[in-house]
Amino acid sequence: MTHGLTAAILASWVLATPALAERASIGFEGPGDGPAPAEMPEDGFLVATRNMMISSAAKSGDGTDGANEIESVMNMRGGVMIQRPGAPFQFISLDWQSEKGEPSVVVEGYFGDVLIGTEKFTLPQSAAEGGFVTFRANALAGVALDQLVLYPQRNRLGMGALDKVVLDDAPEAIDTSDAAPISAFKS
């Protein structure tokens with residue numbers, strides 16, 4: 001009887017304790033080489049794209065940081081939008097694979113329709129011969145978001161691709177009943 005009571009107490013404690021969530025790593029793993037799909041689910045998030053291409057390790061990079069990368073179509077403003085309406089998250093970092101020049105990526109964080117902050121990451125000239133660089137969140141670190149929009153640069157000034165975007169649950173519970181998904185990229 002004691003074992004049954006102990007098991008019941010342990011089971012109720014496990015159910016009452018919030019689950020520890022793992023960080024999500026959005027790595028654009030689903031689709032193959034070619035135009036990125038307009039929408040794709042990944043790790044509980046919805047990823048939407050505009051003017052983006054998926055490149056496998058055979059076409060871009062050396063595959064050491066991930067199987068796929070996503071990059072803008074040459075000379076077009078491309079964008080990647082990552083959403084999780086009703087479940088806030090925080091931006092942790094992004095991995096950027098550079099090919100040449102001083103490529104940059106602009107990151108905008110939103111909660112509902114409100115722009116919370118913007119970050120711009122530019123590959124330093126010293127690293128411009130190529131390779132992977134991890135950029136950690138600065139202005140958006142620890143901030144609750146429900147949408148992240150990334151604009152990777154790919155033009156004559158520099159060529160680079162997103163390898164992965166790391167996200168985590170928001171640090172505190174937030175009422176998101178008024179936050180609605182945004183269906184279009186910001187200009």
# chains A, B, ... in the order shown; residues from 1 in each chain; ligands from 1
call {"tool": "residues_around", "arguments": {"residues": "Val165 (chain A)", "least_positions_apart": "4", "cutoff": "9 Å", "atoms": "only C-alpha atoms", "output": "ChimeraX atom specification"}}
result
/A:24-27,91-95
call {"tool": "write_last_selection", "arguments": {"atoms": "all heavy atoms", "output": "PDB file, in the first residue's frame"}}
result
ATOM      1  N   ALA A  24      14.461  25.169 -29.559  1.00  0.00           N
ATOM      2  CA  ALA A  24      14.135  24.772 -30.930  1.00  0.00           C
ATOM      3  C   ALA A  24      15.218  25.297 -31.853  1.00  0.00           C
ATOM      4  O   ALA A  24      15.667  26.433 -31.717  1.00  0.00           O
ATOM      5  CB  ALA A  24      12.783  25.351 -31.335  1.00  0.00           C
ATOM      6  N   SER A  25      15.624  24.464 -32.775  1.00  0.00           N
ATOM      7  CA  SER A  25      16.613  24.855 -33.770  1.00  0.00           C
ATOM      8  C   SER A  25      15.958  24.757 -35.141  1.00  0.00           C
ATOM      9  O   SER A  25      15.766  23.663 -35.664  1.00  0.00           O
ATOM     10  CB  SER A  25      17.832  23.924 -33.696  1.00  0.00           C
ATOM     11  OG  SER A  25      18.777  24.269 -34.677  1.00  0.00           O
ATOM     12  N   ILE A  26      15.581  25.910 -35.672  1.00  0.00           N
ATOM     13  CA  ILE A  26      14.943  25.951 -36.985  1.00  0.00           C
ATOM     14  C   ILE A  26      16.062  25.860 -38.017  1.00  0.00           C
ATOM     15  O   ILE A  26      16.859  26.786 -38.168  1.00  0.00           O
ATOM     16  CB  ILE A  26      14.129  27.249 -37.175  1.00  0.00           C
ATOM     17  CG1 ILE A  26      13.153  27.467 -36.006  1.00  0.00           C
ATOM     18  CG2 ILE A  26      13.430  27.258 -38.521  1.00  0.00           C
ATOM     19  CD1 ILE A  26      12.113  26.409 -35.834  1.00  0.00           C
ATOM     20  N   GLY A  27      16.135  24.726 -38.722  1.00  0.00           N
ATOM     21  CA  GLY A  27      17.241  24.484 -39.644  1.00  0.00           C
ATOM     22  C   GLY A  27      16.824  24.271 -41.087  1.00  0.00           C
ATOM     23  O   GLY A  27      17.625  23.839 -41.901  1.00  0.00           O
ATOM     24  N   PHE A  91      14.286  34.812 -28.961  1.00  0.00           N
ATOM     25  CA  PHE A  91      15.346  34.612 -29.944  1.00  0.00           C
ATOM     26  C   PHE A  91      16.662  34.442 -29.192  1.00  0.00           C
ATOM     27  O   PHE A  91      17.019  35.278 -28.371  1.00  0.00           O
ATOM     28  CB  PHE A  91      15.384  35.825 -30.880  1.00  0.00           C
ATOM     29  CG  PHE A  91      16.576  35.902 -31.787  1.00  0.00           C
ATOM     30  CD1 PHE A  91      16.920  34.854 -32.623  1.00  0.00           C
ATOM     31  CD2 PHE A  91      17.342  37.054 -31.822  1.00  0.00           C
ATOM     32  CE1 PHE A  91      18.013  34.943 -33.470  1.00  0.00           C
ATOM     33  CE2 PHE A  91      18.437  37.160 -32.674  1.00  0.00           C
ATOM     34  CZ  PHE A  91      18.775  36.098 -33.495  1.00  0.00           C
ATOM     35  N   ILE A  92      17.382  33.359 -29.483  1.00  0.00           N
ATOM     36  CA  ILE A  92      18.648  33.074 -28.814  1.00  0.00           C
ATOM     37  C   ILE A  92      19.831  33.407 -29.728  1.00  0.00           C
ATOM     38  O   ILE A  92      20.729  34.157 -29.341  1.00  0.00           O
ATOM     39  CB  ILE A  92      18.732  31.589 -28.386  1.00  0.00           C
ATOM     40  CG1 ILE A  92      17.562  31.221 -27.476  1.00  0.00           C
ATOM     41  CG2 ILE A  92      20.081  31.293 -27.729  1.00  0.00           C
ATOM     42  CD1 ILE A  92      17.470  31.996 -26.185  1.00  0.00           C
ATOM     43  N   SER A  93      19.835  32.847 -30.937  1.00  0.00           N
ATOM     44  CA  SER A  93      20.969  33.060 -31.838  1.00  0.00           C
ATOM     45  C   SER A  93      20.610  32.627 -33.254  1.00  0.00           C
ATOM     46  O   SER A  93      19.570  32.021 -33.491  1.00  0.00           O
ATOM     47  CB  SER A  93      22.187  32.264 -31.360  1.00  0.00           C
ATOM     48  OG  SER A  93      21.943  30.872 -31.448  1.00  0.00           O
ATOM     49  N   LEU A  94      21.511  32.951 -34.176  1.00  0.00           N
ATOM     50  CA  LEU A  94      21.403  32.437 -35.535  1.00  0.00           C
ATOM     51  C   LEU A  94      22.796  32.070 -36.017  1.00  0.00           C
ATOM     52  O   LEU A  94      23.791  32.643 -35.593  1.00  0.00           O
ATOM     53  CB  LEU A  94      20.722  33.428 -36.477  1.00  0.00           C
ATOM     54  CG  LEU A  94      21.375  34.779 -36.750  1.00  0.00           C
ATOM     55  CD1 LEU A  94      22.401  34.687 -37.882  1.00  0.00           C
ATOM     56  CD2 LEU A  94      20.305  35.780 -37.129  1.00  0.00           C
ATOM     57  N   ASP A  95      22.840  31.070 -36.874  1.00  0.00           N
ATOM     58  CA  ASP A  95      24.095  30.669 -37.503  1.00  0.00           C
ATOM     59  C   ASP A  95      24.058  31.144 -38.942  1.00  0.00           C
ATOM     60  O   ASP A  95      23.079  30.930 -39.657  1.00  0.00           O
ATOM     61  CB  ASP A  95      24.277  29.153 -37.459  1.00  0.00           C
ATOM     62  CG  ASP A  95      24.705  28.661 -36.094  1.00  0.00           C
ATOM     63  OD1 ASP A  95      24.798  29.485 -35.170  1.00  0.00           O
ATOM     64  OD2 ASP A  95      24.946  27.450 -35.961  1.00  0.00           O
TER      65      ASP A  95
END
call {"tool": "closest_residue", "arguments": {"among": "A:Leu167, A:Leu150, A:Ala139, A:Val133", "to": "Glu71 (chain A)", "atoms": "only C-alpha atoms"}}
result
A:Leu150
call {"tool": "residues_around", "arguments": {"residues": "Glu39 (chain A)", "least_positions_apart": "5", "cutoff": "10 Å", "atoms": "only C-alpha atoms", "output": "PyMOL selection string"}}
result
chain A and resi 46-50+80-82
call {"tool": "closest_residue", "arguments": {"among": "A:Val107, A:Leu148, A:Met76, A:Val143", "to": "Asn51 (chain A)", "atoms": "only C-alpha atoms"}}
result
A:Met76
call {"tool": "residues_around", "arguments": {"residues": "Val106 (chain A)", "least_positions_apart": "2", "cutoff": "10 Å", "atoms": "only C-alpha atoms", "output": "list of chain:residue names"}}
result
A:Gly79, A:Ser104, A:Glu108, A:Thr118, A:Glu119, A:Lys120, A:Phe121, A:Thr122, A:Val149, A:Leu150, A:Tyr151, A:Pro152, A:Gln153
call {"tool": "atom_distance", "arguments": {"atom1": "CA of Pro88 (chain A)", "atom2": "CA of Ser72 (chain A)"}}
result
26.6 Å
call {"tool": "residues_around", "arguments": {"residues": "Asp146 (chain A)", "least_positions_apart": "4", "cutoff": "8 Å", "atoms": "only C-alpha atoms", "output": "ChimeraX atom specification"}}
result
/A:83-89,109-112
call {"tool": "atom_distance", "arguments": {"atom1": "CA of Phe45 (chain A)", "atom2": "CA of Ile70 (chain A)"}}
result
16.3 Å
call {"tool": "atom_distance", "arguments": {"atom1": "CA of Arg23 (chain A)", "atom2": "CA of Asp43 (chain A)"}}
result
9.4 Å
